[in-house]
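Here is the file model.txt (compact mmCIF, C-alpha atoms and all ligand atoms).
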```
# COMPACT_ATOMS: atom_id res chain seq x y z
CA MET A 1 15.78 -93.46 -44.74
CA ASP A 2 12.54 -94.87 -43.35
CA HIS A 3 10.40 -92.18 -41.84
CA ARG A 4 9.48 -93.49 -38.45
CA PHE A 5 9.56 -90.09 -36.81
CA ILE A 6 9.84 -87.39 -39.48
CA PRO A 7 6.44 -86.86 -41.09
CA GLN A 8 6.49 -86.24 -44.83
CA LEU A 9 4.06 -83.34 -45.02
CA THR A 10 3.23 -81.10 -47.96
CA GLU A 11 3.39 -77.30 -47.59
CA GLU A 12 -0.42 -77.19 -47.38
CA GLN A 13 -0.51 -79.84 -44.66
CA ILE A 14 2.13 -77.96 -42.67
CA ALA A 15 0.21 -74.68 -43.05
CA ALA A 16 -3.00 -76.35 -41.82
CA LYS A 17 -1.19 -77.72 -38.76
CA GLN A 18 0.36 -74.30 -38.12
CA LEU A 19 -2.99 -72.49 -38.20
CA ALA A 20 -4.66 -75.03 -35.92
CA GLY A 21 -1.68 -74.93 -33.54
CA LEU A 22 -1.50 -71.14 -33.55
CA GLN A 23 -5.20 -70.83 -32.73
CA TRP A 24 -4.89 -73.43 -29.99
CA THR A 25 -1.79 -71.75 -28.52
CA ALA A 26 -3.34 -68.26 -28.48
CA GLY A 27 -6.43 -69.61 -26.72
CA HIS A 28 -4.48 -71.79 -24.29
CA ALA A 29 -2.08 -69.01 -23.30
CA TYR A 30 -4.86 -66.45 -22.99
CA LYS A 31 -6.87 -68.74 -20.73
CA GLY A 32 -4.02 -70.13 -18.67
CA SER A 33 -1.47 -67.32 -18.25
CA PRO A 34 -2.21 -63.91 -16.69
CA PHE A 35 0.97 -62.66 -18.38
CA TYR A 36 -0.17 -63.55 -21.89
CA ARG A 37 -3.76 -62.43 -21.20
CA GLU A 38 -2.58 -59.02 -20.08
CA ARG A 39 -0.22 -58.69 -23.07
CA MET A 40 -2.93 -59.63 -25.57
CA ASP A 41 -5.53 -57.40 -23.93
CA ARG A 42 -3.13 -54.49 -24.06
CA HIS A 43 -2.55 -55.13 -27.77
CA GLY A 44 -6.27 -55.37 -28.35
CA VAL A 45 -6.12 -58.90 -29.72
CA ARG A 46 -8.24 -61.87 -28.65
CA PRO A 47 -7.57 -65.53 -29.51
CA GLU A 48 -10.62 -65.58 -31.81
CA ASP A 49 -9.00 -62.82 -33.94
CA ILE A 50 -6.53 -65.40 -35.25
CA LYS A 51 -8.24 -66.56 -38.42
CA THR A 52 -5.29 -66.97 -40.82
CA LEU A 53 -1.57 -67.59 -40.44
CA ASP A 54 -0.88 -63.93 -41.25
CA ASP A 55 -2.84 -62.98 -38.15
CA ILE A 56 0.20 -64.07 -36.13
CA ARG A 57 1.35 -60.49 -36.71
CA LYS A 58 -1.47 -59.23 -34.51
CA LEU A 59 0.05 -61.00 -31.52
CA PRO A 60 2.53 -59.20 -29.23
CA PHE A 61 6.16 -60.32 -28.97
CA THR A 62 7.61 -62.14 -25.98
CA THR A 63 11.22 -61.50 -24.94
CA ALA A 64 13.86 -62.88 -22.60
CA ASN A 65 13.23 -59.79 -20.46
CA HIS A 66 9.68 -60.91 -19.81
CA LEU A 67 11.07 -64.21 -18.52
CA LYS A 68 13.43 -62.30 -16.27
CA GLU A 69 10.88 -59.79 -14.97
CA GLY A 70 8.28 -62.43 -14.23
CA TYR A 71 10.81 -64.91 -12.76
CA PRO A 72 10.41 -67.77 -12.14
CA MET A 73 7.52 -68.86 -14.42
CA PRO A 74 5.65 -66.01 -16.10
CA LEU A 75 4.65 -68.08 -19.15
CA LEU A 76 3.11 -70.89 -17.08
CA SER A 77 -0.23 -71.68 -18.73
CA VAL A 78 -1.33 -74.85 -16.91
CA PRO A 79 -2.11 -75.59 -13.24
CA GLU A 80 1.12 -76.31 -11.39
CA ALA A 81 -0.10 -79.85 -10.68
CA ASP A 82 0.25 -80.61 -14.40
CA VAL A 83 3.94 -79.66 -14.47
CA VAL A 84 6.17 -82.74 -14.36
CA ARG A 85 9.53 -81.05 -14.81
CA ILE A 86 11.32 -77.73 -15.08
CA HIS A 87 14.49 -76.85 -16.92
CA GLY A 88 16.60 -73.71 -16.74
CA SER A 89 19.03 -71.90 -18.98
CA SER A 90 22.56 -71.02 -18.00
CA GLY A 91 21.67 -67.31 -17.79
CA THR A 92 24.97 -65.50 -18.26
CA THR A 93 23.61 -62.34 -16.63
CA GLY A 94 21.27 -62.29 -13.66
CA LYS A 95 18.46 -64.78 -13.19
CA ARG A 96 18.20 -67.88 -15.29
CA LYS A 97 15.21 -68.59 -17.48
CA ILE A 98 12.96 -71.25 -15.97
CA LEU A 99 10.57 -73.17 -18.22
CA ALA A 100 7.86 -75.66 -17.20
CA TYR A 101 7.05 -78.93 -18.96
CA THR A 102 3.92 -81.10 -18.84
CA GLN A 103 4.15 -84.81 -19.65
CA ASN A 104 2.83 -84.06 -23.15
CA ASP A 105 5.63 -81.48 -23.59
CA ILE A 106 8.25 -84.05 -22.59
CA ASP A 107 6.75 -86.66 -24.92
CA LEU A 108 6.66 -84.24 -27.83
CA TRP A 109 10.26 -83.17 -27.17
CA LYS A 110 11.31 -86.85 -27.24
CA ASP A 111 9.64 -87.38 -30.61
CA MET A 112 11.13 -84.18 -31.94
CA PHE A 113 14.61 -85.25 -30.89
CA ALA A 114 14.09 -88.76 -32.27
CA ARG A 115 13.52 -87.04 -35.63
CA CYS A 116 17.04 -85.62 -35.34
CA TYR A 117 18.63 -89.04 -34.88
CA GLU A 118 16.58 -90.28 -37.83
CA LEU A 119 17.69 -87.37 -39.97
CA ALA A 120 21.32 -88.12 -39.06
CA GLY A 121 20.78 -91.62 -40.45
CA LEU A 122 21.22 -93.46 -37.15
CA THR A 123 19.64 -96.88 -36.52
CA VAL A 124 18.73 -98.72 -33.32
CA GLU A 125 22.16 -100.40 -33.60
CA ASP A 126 23.93 -97.08 -32.97
CA ARG A 127 25.66 -96.26 -29.69
CA VAL A 128 25.29 -92.62 -28.78
CA GLN A 129 27.84 -91.06 -26.45
CA ILE A 130 26.26 -88.00 -24.86
CA CYS A 131 28.91 -85.55 -23.67
CA VAL A 132 26.76 -82.53 -22.81
CA GLY A 133 25.54 -81.09 -19.51
CA TYR A 134 22.91 -82.88 -17.44
CA GLY A 135 20.80 -81.38 -14.68
CA LEU A 136 18.89 -78.13 -15.03
CA TRP A 137 20.19 -77.71 -18.57
CA THR A 138 18.08 -79.14 -21.35
CA ALA A 139 21.03 -80.58 -23.28
CA GLY A 140 21.66 -83.90 -21.50
CA ALA A 141 17.98 -84.67 -20.94
CA GLY A 142 17.13 -83.89 -24.56
CA PHE A 143 19.86 -85.97 -26.15
CA GLN A 144 19.07 -88.91 -23.87
CA LEU A 145 15.27 -88.84 -24.07
CA GLY A 146 15.47 -88.63 -27.84
CA CYS A 147 18.00 -91.44 -28.05
CA GLU A 148 15.88 -93.79 -25.98
CA ARG A 149 12.72 -92.87 -27.86
CA PHE A 150 14.57 -93.51 -31.11
CA GLY A 151 15.78 -96.86 -29.78
CA ALA A 152 19.56 -96.46 -30.02
CA MET A 153 21.85 -97.08 -27.03
CA ALA A 154 22.57 -94.01 -24.90
CA LEU A 155 25.93 -93.62 -23.11
CA PRO A 156 25.26 -90.66 -20.81
CA VAL A 157 28.79 -89.56 -19.89
CA GLY A 158 28.15 -85.84 -19.52
CA PRO A 159 30.65 -83.10 -20.37
CA GLY A 160 34.37 -83.15 -19.57
CA LEU A 161 35.84 -86.31 -18.01
CA LEU A 162 38.18 -86.87 -20.91
CA GLU A 163 39.56 -90.21 -19.67
CA ILE A 164 36.09 -91.75 -19.28
CA GLN A 165 35.09 -90.40 -22.69
CA LEU A 166 38.06 -92.14 -24.32
CA GLN A 167 37.36 -95.35 -22.39
CA MET A 168 33.76 -95.42 -23.65
CA LEU A 169 34.90 -94.68 -27.19
CA THR A 170 37.38 -97.56 -27.21
CA ASP A 171 35.63 -100.14 -24.95
CA LEU A 172 31.99 -99.63 -25.87
CA LYS A 173 32.68 -98.53 -29.46
CA SER A 174 30.35 -95.53 -29.53
CA THR A 175 29.29 -94.72 -33.08
CA CYS A 176 27.84 -91.24 -32.54
CA LEU A 177 29.27 -88.43 -30.45
CA CYS A 178 27.05 -85.65 -29.10
CA SER A 179 28.93 -82.61 -27.79
CA THR A 180 29.88 -79.03 -28.41
CA ALA A 181 32.22 -78.39 -31.34
CA SER A 182 35.08 -77.46 -28.99
CA MET A 183 34.61 -80.68 -26.98
CA ALA A 184 34.70 -82.72 -30.21
CA LEU A 185 37.88 -80.87 -31.17
CA LEU A 186 39.46 -81.61 -27.80
CA MET A 187 38.53 -85.31 -28.02
CA GLY A 188 39.86 -85.49 -31.57
CA GLU A 189 43.21 -84.08 -30.42
CA GLU A 190 43.37 -86.55 -27.54
CA VAL A 191 42.48 -89.53 -29.76
CA GLN A 192 45.33 -88.55 -32.08
CA LYS A 193 47.78 -87.88 -29.24
CA GLN A 194 47.11 -91.26 -27.62
CA GLY A 195 47.09 -93.12 -30.97
CA LEU A 196 43.53 -94.42 -30.50
CA ALA A 197 42.24 -93.67 -33.99
CA ASP A 198 41.97 -97.33 -35.05
CA LYS A 199 40.54 -98.44 -31.69
CA ILE A 200 37.41 -96.29 -31.90
CA ALA A 201 34.28 -96.79 -34.04
CA LEU A 202 32.86 -93.27 -34.33
CA LYS A 203 31.05 -92.49 -37.58
CA LYS A 204 29.02 -89.43 -36.74
CA ALA A 205 28.89 -86.43 -34.45
CA ILE A 206 26.00 -84.16 -33.53
CA PHE A 207 27.25 -80.86 -32.23
CA GLY A 208 25.75 -77.52 -31.25
CA ALA A 209 25.27 -74.92 -28.55
CA GLU A 210 28.12 -72.66 -29.62
CA THR A 211 29.41 -71.02 -32.75
CA HIS A 212 31.92 -72.96 -34.77
CA THR A 213 33.89 -72.39 -37.94
CA PRO A 214 34.07 -74.75 -40.94
CA LYS A 215 37.78 -75.06 -40.14
CA MET A 216 37.06 -76.36 -36.62
CA ARG A 217 34.53 -78.79 -37.96
CA LYS A 218 36.85 -80.23 -40.60
CA GLN A 219 39.52 -80.60 -37.95
CA PHE A 220 37.46 -82.76 -35.56
CA GLU A 221 35.87 -84.72 -38.40
CA GLU A 222 39.34 -85.76 -39.53
CA ALA A 223 40.78 -86.39 -36.08
CA LEU A 224 37.85 -88.60 -35.08
CA GLY A 225 37.52 -90.33 -38.47
CA LEU A 226 33.91 -89.21 -38.95
CA GLU A 227 31.75 -89.82 -42.02
CA HIS A 228 29.36 -87.01 -41.12
CA SER A 229 28.82 -84.32 -38.54
CA PHE A 230 25.57 -82.48 -37.96
CA ASP A 231 24.81 -79.05 -36.56
CA ILE A 232 21.84 -79.15 -34.14
CA ILE A 233 19.68 -76.21 -33.02
CA GLY A 234 17.56 -75.64 -29.97
CA MET A 235 17.01 -73.44 -26.94
CA THR A 236 15.62 -73.96 -23.46
CA GLU A 237 12.65 -71.69 -24.16
CA LEU A 238 11.54 -73.99 -27.00
CA TYR A 239 11.83 -77.42 -25.29
CA GLY A 240 15.64 -77.61 -25.65
CA PRO A 241 17.97 -79.02 -28.30
CA GLY A 242 16.40 -81.04 -31.10
CA THR A 243 14.14 -78.48 -32.77
CA GLY A 244 16.11 -78.96 -35.99
CA LEU A 245 19.18 -80.63 -37.46
CA GLU A 246 21.35 -80.54 -40.51
CA CYS A 247 20.67 -83.49 -42.85
CA MET A 248 23.07 -85.76 -44.72
CA ALA A 249 22.97 -83.50 -47.76
CA HIS A 250 24.53 -80.80 -45.52
CA GLU A 251 22.56 -78.06 -47.23
CA GLY A 252 21.19 -76.30 -44.18
CA ILE A 253 19.21 -77.21 -41.06
CA HIS A 254 15.74 -78.75 -41.33
CA TYR A 255 13.40 -77.49 -38.64
CA TRP A 256 10.10 -78.97 -37.46
CA SER A 257 7.65 -76.48 -38.89
CA ASP A 258 4.65 -78.60 -37.95
CA LEU A 259 5.54 -78.03 -34.28
CA TYR A 260 6.59 -74.39 -34.26
CA ILE A 261 6.37 -71.35 -36.51
CA MET A 262 9.58 -69.55 -37.35
CA GLU A 263 9.38 -65.93 -38.49
CA ILE A 264 12.53 -64.19 -39.75
CA LEU A 265 12.22 -60.49 -38.91
CA ASP A 266 14.37 -57.39 -39.23
CA PRO A 267 15.52 -56.87 -35.62
CA GLU A 268 15.15 -53.08 -35.97
CA THR A 269 11.74 -52.77 -37.64
CA LEU A 270 10.35 -56.18 -36.57
CA GLU A 271 8.92 -56.55 -40.07
CA PRO A 272 9.54 -59.74 -42.09
CA VAL A 273 12.74 -59.65 -44.15
CA ALA A 274 12.62 -60.54 -47.84
CA PRO A 275 12.67 -64.31 -48.44
CA GLY A 276 16.21 -65.65 -48.04
CA GLU A 277 17.52 -62.58 -46.22
CA VAL A 278 19.15 -62.63 -42.79
CA GLY A 279 17.03 -61.64 -39.81
CA GLU A 280 16.11 -62.57 -36.27
CA MET A 281 14.42 -65.90 -35.57
CA VAL A 282 11.13 -65.34 -33.82
CA VAL A 283 9.37 -68.54 -32.75
CA THR A 284 5.84 -69.52 -31.78
CA SER A 285 5.14 -72.96 -30.38
CA LEU A 286 2.10 -74.87 -31.65
CA GLN A 287 1.52 -77.57 -29.04
CA LYS A 288 3.52 -76.48 -26.01
CA GLU A 289 1.36 -76.69 -22.87
CA GLY A 290 3.49 -75.78 -19.84
CA SER A 291 5.23 -72.65 -21.13
CA PRO A 292 3.90 -71.85 -24.61
CA LEU A 293 5.87 -69.34 -26.67
CA ILE A 294 4.16 -66.60 -28.60
CA ARG A 295 6.40 -64.69 -31.01
CA TYR A 296 9.42 -65.23 -28.79
CA ARG A 297 12.40 -63.14 -29.90
CA THR A 298 15.37 -65.52 -29.87
CA ARG A 299 17.95 -62.83 -30.86
CA ASP A 300 19.54 -65.49 -33.09
CA LEU A 301 20.16 -64.51 -36.67
CA THR A 302 19.63 -66.83 -39.61
CA ARG A 303 17.83 -66.99 -42.93
CA ILE A 304 15.34 -69.33 -44.57
CA LEU A 305 16.91 -71.40 -47.35
CA PRO A 306 14.64 -71.45 -50.38
CA GLY A 307 13.66 -74.54 -52.38
CA THR A 308 13.50 -78.19 -51.40
CA CYS A 309 16.42 -80.21 -50.09
CA SER A 310 18.08 -82.92 -52.16
CA CYS A 311 17.71 -85.33 -49.20
CA GLY A 312 13.97 -85.57 -49.88
CA VAL A 313 12.77 -84.42 -46.44
CA THR A 314 9.99 -81.86 -46.93
CA MET A 315 10.55 -79.93 -43.68
CA PRO A 316 11.83 -76.40 -44.46
CA ARG A 317 15.44 -75.35 -43.90
CA ILE A 318 17.35 -72.50 -42.32
CA ASP A 319 21.00 -71.56 -42.53
CA LYS A 320 23.20 -72.14 -39.48
CA ILE A 321 22.92 -69.54 -36.71
CA LEU A 322 24.85 -66.57 -38.09
CA GLY A 323 25.11 -64.45 -34.95
CA ARG A 324 23.07 -62.49 -32.41
CA SER A 325 20.83 -59.58 -33.26
CA ASP A 326 22.18 -57.70 -30.21
CA ASP A 327 25.49 -57.53 -32.07
CA MET A 328 23.96 -56.00 -35.16
CA PHE A 329 25.10 -52.49 -36.00
CA ILE A 330 24.13 -49.99 -38.65
CA PHE A 331 26.98 -48.60 -40.69
CA ARG A 332 26.26 -45.95 -43.34
CA GLY A 333 22.68 -47.19 -43.54
CA VAL A 334 23.54 -50.87 -43.91
CA ASN A 335 22.51 -53.50 -41.32
CA ILE A 336 25.65 -55.48 -40.52
CA TYR A 337 26.16 -58.54 -38.32
CA PRO A 338 29.72 -59.35 -37.18
CA GLY A 339 29.18 -62.93 -38.42
CA GLN A 340 29.03 -61.59 -41.98
CA ILE A 341 32.56 -60.23 -41.62
CA GLY A 342 33.60 -63.54 -40.04
CA THR A 343 32.23 -65.42 -43.04
CA VAL A 344 34.25 -63.28 -45.44
CA LEU A 345 37.41 -63.88 -43.39
CA GLU A 346 36.84 -67.66 -43.47
CA GLY A 347 37.61 -67.47 -47.17
CA PHE A 348 41.22 -66.55 -46.34
CA PRO A 349 43.29 -69.52 -45.15
CA GLU A 350 46.15 -67.11 -44.30
CA LEU A 351 44.05 -65.57 -41.49
CA SER A 352 43.10 -66.85 -38.04
CA ALA A 353 39.44 -66.93 -37.00
CA GLU A 354 39.86 -63.88 -34.73
CA TYR A 355 38.80 -60.40 -35.75
CA GLN A 356 37.71 -57.12 -34.24
CA ILE A 357 35.63 -54.34 -35.74
CA SER A 358 35.87 -50.75 -34.57
CA LEU A 359 33.54 -47.98 -35.61
CA THR A 360 34.45 -44.32 -35.35
CA ARG A 361 33.06 -41.03 -36.64
CA ARG A 362 35.26 -38.37 -38.23
CA ASP A 363 33.91 -35.15 -39.74
CA GLY A 364 30.39 -36.51 -39.50
CA LEU A 365 31.22 -39.65 -41.45
CA ASP A 366 31.30 -43.23 -40.12
CA HIS A 367 34.47 -45.27 -40.51
CA MET A 368 34.94 -48.98 -40.03
CA ALA A 369 38.27 -50.59 -39.22
CA VAL A 370 38.67 -54.36 -39.22
CA ARG A 371 41.63 -55.89 -37.41
CA VAL A 372 42.50 -59.46 -38.28
CA GLU A 373 45.35 -61.82 -37.48
CA HIS A 374 47.76 -63.81 -39.57
CA ALA A 375 47.40 -67.54 -39.06
CA HIS A 376 50.46 -69.27 -37.62
CA GLY A 377 52.91 -70.09 -40.33
CA ALA A 378 51.41 -67.80 -42.96
CA ASP A 379 53.78 -65.67 -45.05
CA GLU A 380 53.84 -62.21 -43.46
CA ASP A 381 55.43 -60.47 -46.46
CA THR A 382 52.14 -60.46 -48.30
CA CYS A 383 50.33 -58.39 -45.62
CA GLY A 384 49.72 -55.30 -47.73
CA ASN A 385 48.16 -57.21 -50.60
CA LEU A 386 46.22 -59.38 -48.20
CA ALA A 387 44.71 -56.36 -46.41
CA ASN A 388 43.54 -55.00 -49.76
CA ALA A 389 42.13 -58.36 -50.79
CA VAL A 390 40.17 -58.64 -47.53
CA ALA A 391 38.82 -55.09 -47.86
CA ASN A 392 37.73 -55.86 -51.42
CA GLU A 393 35.93 -59.04 -50.37
CA ILE A 394 34.13 -57.17 -47.55
CA ARG A 395 33.09 -54.52 -50.03
CA LYS A 396 31.89 -57.14 -52.50
CA HIS A 397 29.82 -59.11 -49.98
CA ILE A 398 28.62 -56.48 -47.52
CA LEU A 399 28.77 -53.40 -49.75
CA VAL A 400 30.74 -51.21 -47.34
CA ARG A 401 34.25 -49.80 -47.31
CA SER A 402 36.58 -50.68 -44.45
CA ASP A 403 40.20 -50.24 -43.43
CA VAL A 404 41.74 -53.64 -42.88
CA ARG A 405 44.78 -54.06 -40.69
CA ILE A 406 46.61 -57.36 -40.34
CA LEU A 407 48.27 -58.19 -37.05
CA GLY A 408 50.63 -60.99 -36.08
CA PRO A 409 49.32 -64.33 -34.77
CA GLY A 410 47.83 -64.07 -31.25
CA GLU A 411 47.91 -60.25 -31.10
CA LEU A 412 44.16 -59.77 -30.72
CA PRO A 413 42.80 -60.25 -27.18
CA ARG A 414 41.24 -63.68 -26.53
CA SER A 415 38.35 -64.16 -24.17
CA PHE A 416 36.49 -67.30 -23.18
CA ALA A 417 33.40 -65.24 -22.49
CA LYS A 418 31.54 -63.93 -25.50
CA THR A 419 34.19 -62.17 -27.52
CA LYS A 420 33.36 -58.54 -27.97
CA ARG A 421 33.79 -58.22 -31.68
CA VAL A 422 32.52 -54.70 -32.18
CA GLN A 423 33.81 -51.51 -30.57
CA ASP A 424 31.42 -48.73 -31.40
CA GLU A 425 32.98 -45.34 -30.58
CA ARG A 426 30.84 -43.27 -32.89
CA GLY A 427 29.11 -41.47 -30.04
CA GLU A 428 32.44 -40.14 -28.75
CA GLU A 429 33.67 -37.93 -31.56
ZN ZN A 501 17.90 -82.26 -46.28
```

Represent the supplied structure as structure tokens.
Ligand code: ZN
Amino acid sequence: MDHRFIPQLTEEQIAAKQLAGLQWTAGHAYKGSPFYRERMDRHGVRPEDIKTLDDIRKLPFTTANHLKEGYPMPLLSVPEADVVRIHGSSGTTGKRKILAYTQNDIDLWKDMFARCYELAGLTVEDRVQICVGYGLWTAGAGFQLGCERFGAMALPVGPGLLEIQLQMLTDLKSTCLCSTASMALLMGEEVQKQGLADKIALKKAIFGAETHTPKMRKQFEEALGLEHSFDIIGMTELYGPGTGLECMAHEGIHYWSDLYIMEILDPETLEPVAPGEVGEMVVTSLQKEGSPLIRYRTRDLTRILPGTCSCGVTMPRIDKILGRSDDMFIFRGVNIYPGQIGTVLEGFPELSAEYQISLTRRDGLDHMAVRVEHAHGADEDTCGNLANAVANEIRKHILVRSDVRILGPGELPRSFAKTKRVQDERGEE
């Protein structure tokens, strides 16, 4: 891989960039945004107090609630005349989050996204079919800006429109598909159904924006005849998609630590977790002008992967997004994320990907029941043994006891909204 976009920086060089960027960001936000100034004043911290990287811990957190309360642009830190664009999040409840971009922000986002295409091993010969939302959302704009900056050919189809997608795949021979995992799955099924597998030229897919299982991924990789697929991360608050990507070694997601700082904190105590442990991603931008982020709580859970990657890229790595900190619960003193249970269940091919956890309290003691489903076609006679095996695996990996019950295929409720995995009835003894 030639490094046109991804800088090969040493740890010391990255740390130097982080300190300079942190100091600049604190000063810029303090000067430009009444919101940040008031927050920092109230916490008794001034930009000049940031002398080392550890001093980041003196700065107050920023949350999605702040974005909501100060709607539309509480983080705005430049004169409005300098804003060249806004983007907004989908905002499942109430007001959306609106973020402002200067031209420098847009240019930096482009470069950041171009790094992703480079990391995925694309060249300027590649044809990139972009099947994500355009408009207020950051997805379409990000994938396209990055593609053009990188120099490949963008095919901006947008989401849905299955017939046009297939036409582009067969007539224009797209080589890289950018979509959600479920869209890739749907297209894979359609390619197989219509017998188009040898008429398309796809080699790679970049997917993100929703949780996916390894099973799903393998399924669309096979159906579309892919050599590689890559998990991408990003959020509207931090430019948009493109702030990190899985590499060809598929050993985690590299993120651009010269452009933002990622802290992994315990969502309860807000203290750093031990290296390699799961916690909430808290991000601080280093060059963002329009809407800088200072210790923004993303609510996404992941962990830093230790060591250097076999692909040779020096940018640090995180695990995939493992869940949301809002879903975390404490059971008999242990912090548990539903995704951890999901990961254990993935080890059982006899089970579907659906599960539900219910927590109750009896005689002052917490109990956890896990309900899972048989996959279609699995042998139902083995249920008793299977339930024990699942309970043992949960105990081995998460160190808690649970009662596992196995239901028939399709018995658990499905919901296209965020599935409510955890029913906590412990307050209702
Ligand atoms: Zn790598």

Who sits within 8 Å of stretch 227-236 of chain A, all atoms listed in the file, same chain under 5 positions skipped, as an MDAnalysis selection string: chainID A and resid 87:89 99 120 137:138 203:209 217 221 241:248 250 253 320

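Counting from atom CA of A:Gly312, the distance to atom CA of A:Met281 is 24.3 Å.
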
Within 6 Å of ligand ZN 501 (chain A), which residues of chain A show up? Give each one with its shortest atom-to-atom distance in Å (one decimal) and the two atoms involved, counting all atoms listed in the file, rows by chain then rising residue number, as JSON lines.
```
{"residue": "A:Cys247", "atom": "CA", "partner": "A:ZN501", "partner_atom": "ZN", "distance": 4.6}
{"residue": "A:Ala249", "atom": "CA", "partner": "A:ZN501", "partner_atom": "ZN", "distance": 5.4}
{"residue": "A:Cys309", "atom": "CA", "partner": "A:ZN501", "partner_atom": "ZN", "distance": 4.6}
{"residue": "A:Ser310", "atom": "CA", "partner": "A:ZN501", "partner_atom": "ZN", "distance": 5.9}
{"residue": "A:Cys311", "atom": "CA", "partner": "A:ZN501", "partner_atom": "ZN", "distance": 4.2}
{"residue": "A:Val313", "atom": "CA", "partner": "A:ZN501", "partner_atom": "ZN", "distance": 5.6}
```

Interatomic distance, atom CA of A:Leu161 to atom CA of A:Thr211 (Å, one decimal): 22.2 Å

With all atoms listed in the file counted and 10 Å as the cut-off, give the residues of stretch 276-309 of chain A in contact with stretch 59-68 of chain A, each with its shortest interatomic distance in Å and the pair that gives it, as a Markdown table.
```
| residue | atom | partner | partner_atom | distance |
| --- | --- | --- | --- | --- |
| A:Val282 | CA | A:Phe61 | CA | 8.6 |
| A:Val283 | CA | A:Thr62 | CA | 9.5 |
| A:Thr284 | CA | A:Thr62 | CA | 9.6 |
| A:Leu293 | CA | A:Thr62 | CA | 7.4 |
| A:Ile294 | CA | A:Thr62 | CA | 6.2 |
| A:Arg295 | CA | A:Phe61 | CA | 4.8 |
| A:Tyr296 | CA | A:Thr62 | CA | 4.6 |
| A:Arg297 | CA | A:Thr63 | CA | 5.4 |
| A:Thr298 | CA | A:Thr63 | CA | 7.6 |
| A:Arg299 | CA | A:Thr63 | CA | 9.1 |
```

Print the selection's residues with C-alpha atoms to a file, as a JSON list (two decimals), keeping the file's coordinate frame.
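Final file, result09.json:
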```json
[["chain", "number", "residue", "atom", "x", "y", "z"],
["A", 282, "VAL", "CA", 11.13, -65.34, -33.82],
["A", 283, "VAL", "CA", 9.37, -68.54, -32.75],
["A", 284, "THR", "CA", 5.84, -69.52, -31.78],
["A", 293, "LEU", "CA", 5.87, -69.34, -26.67],
["A", 294, "ILE", "CA", 4.16, -66.60, -28.60],
["A", 295, "ARG", "CA", 6.40, -64.69, -31.01],
["A", 296, "TYR", "CA", 9.42, -65.23, -28.79],
["A", 297, "ARG", "CA", 12.40, -63.14, -29.90],
["A", 298, "THR", "CA", 15.37, -65.52, -29.87],
["A", 299, "ARG", "CA", 17.95, -62.83, -30.86]]
```

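If all atoms listed in the file are the atoms counted, then among A:Arg395, A:Arg324, A:Lys288, A:Arg57 the closest residue to A:Ile341 is A:Arg395.
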
Expected answer as JSON, numbers by chain: all residues with atoms within 12 Å of (2.2, -77.0, -41.9), all atoms listed in the file: {"A": [7, 8, 9, 10, 11, 12, 13, 14, 15, 16, 17, 18, 19, 20, 21, 22, 53, 255, 256, 257, 258, 259, 260, 261, 262, 286, 314, 315, 316]}

Suppose we keep C-alpha atoms; can you now write the selection as a tab-separated table (two decimals), in the frame of the given file?
```tsv
chain	number	residue	atom	x	y	z
A	7	PRO	CA	6.44	-86.86	-41.09
A	8	GLN	CA	6.49	-86.24	-44.83
A	9	LEU	CA	4.06	-83.34	-45.02
A	10	THR	CA	3.23	-81.10	-47.96
A	11	GLU	CA	3.39	-77.30	-47.59
A	12	GLU	CA	-0.42	-77.19	-47.38
A	13	GLN	CA	-0.51	-79.84	-44.66
A	14	ILE	CA	2.13	-77.96	-42.67
A	15	ALA	CA	0.21	-74.68	-43.05
A	16	ALA	CA	-3.00	-76.35	-41.82
A	17	LYS	CA	-1.19	-77.72	-38.76
A	18	GLN	CA	0.36	-74.30	-38.12
A	19	LEU	CA	-2.99	-72.49	-38.20
A	20	ALA	CA	-4.66	-75.03	-35.92
A	21	GLY	CA	-1.68	-74.93	-33.54
A	22	LEU	CA	-1.50	-71.14	-33.55
A	53	LEU	CA	-1.57	-67.59	-40.44
A	255	TYR	CA	13.40	-77.49	-38.64
A	256	TRP	CA	10.10	-78.97	-37.46
A	257	SER	CA	7.65	-76.48	-38.89
A	258	ASP	CA	4.65	-78.60	-37.95
A	259	LEU	CA	5.54	-78.03	-34.28
A	260	TYR	CA	6.59	-74.39	-34.26
A	261	ILE	CA	6.37	-71.35	-36.51
A	262	MET	CA	9.58	-69.55	-37.35
A	286	LEU	CA	2.10	-74.87	-31.65
A	314	THR	CA	9.99	-81.86	-46.93
A	315	MET	CA	10.55	-79.93	-43.68
A	316	PRO	CA	11.83	-76.40	-44.46
```

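In this structure, atom CA of A:Asn104 sits 16.2 Å away from atom CA of A:Gly32.
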
Point (30.2, -51.3, -29.8) neighbourhood (10 Å, all atoms listed in the file) written as a PyMOL selection string: chain A and resi 327-329+357-360+420-427

What are the centre and edge lengths in Å, to one decimal, of the axis-aligned box around all listed atoms of stretch 396-409 of chain A with 3 Å added on each side, as lines of an AutoDock Vina configuration file?
```
center_x = 39.6
center_y = -57.1
center_z = -43.6
size_x = 28.0
size_y = 20.5
size_z = 23.7
```

Nearest residue to A:Pro74 from the set A:Glu268, A:Glu38, A:Glu373, A:Glu346 (distances using only C-alpha atoms): A:Glu38

Who sits within 10 Å of stretch 148-157 of chain A, all atoms listed in the file, same chain under 2 positions skipped, as a PyMOL selection string: chain A and resi 4-5+107+110-118+122-134+140-141+143-146+159-162+164-165+168-169+172+174-178

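Minimum atom-to-atom distances from A:Val400, A:Ile321, A:Leu202, A:Ile330 to A:Gly252 were compared using only C-alpha atoms, and the lowest value belongs to A:Ile321.
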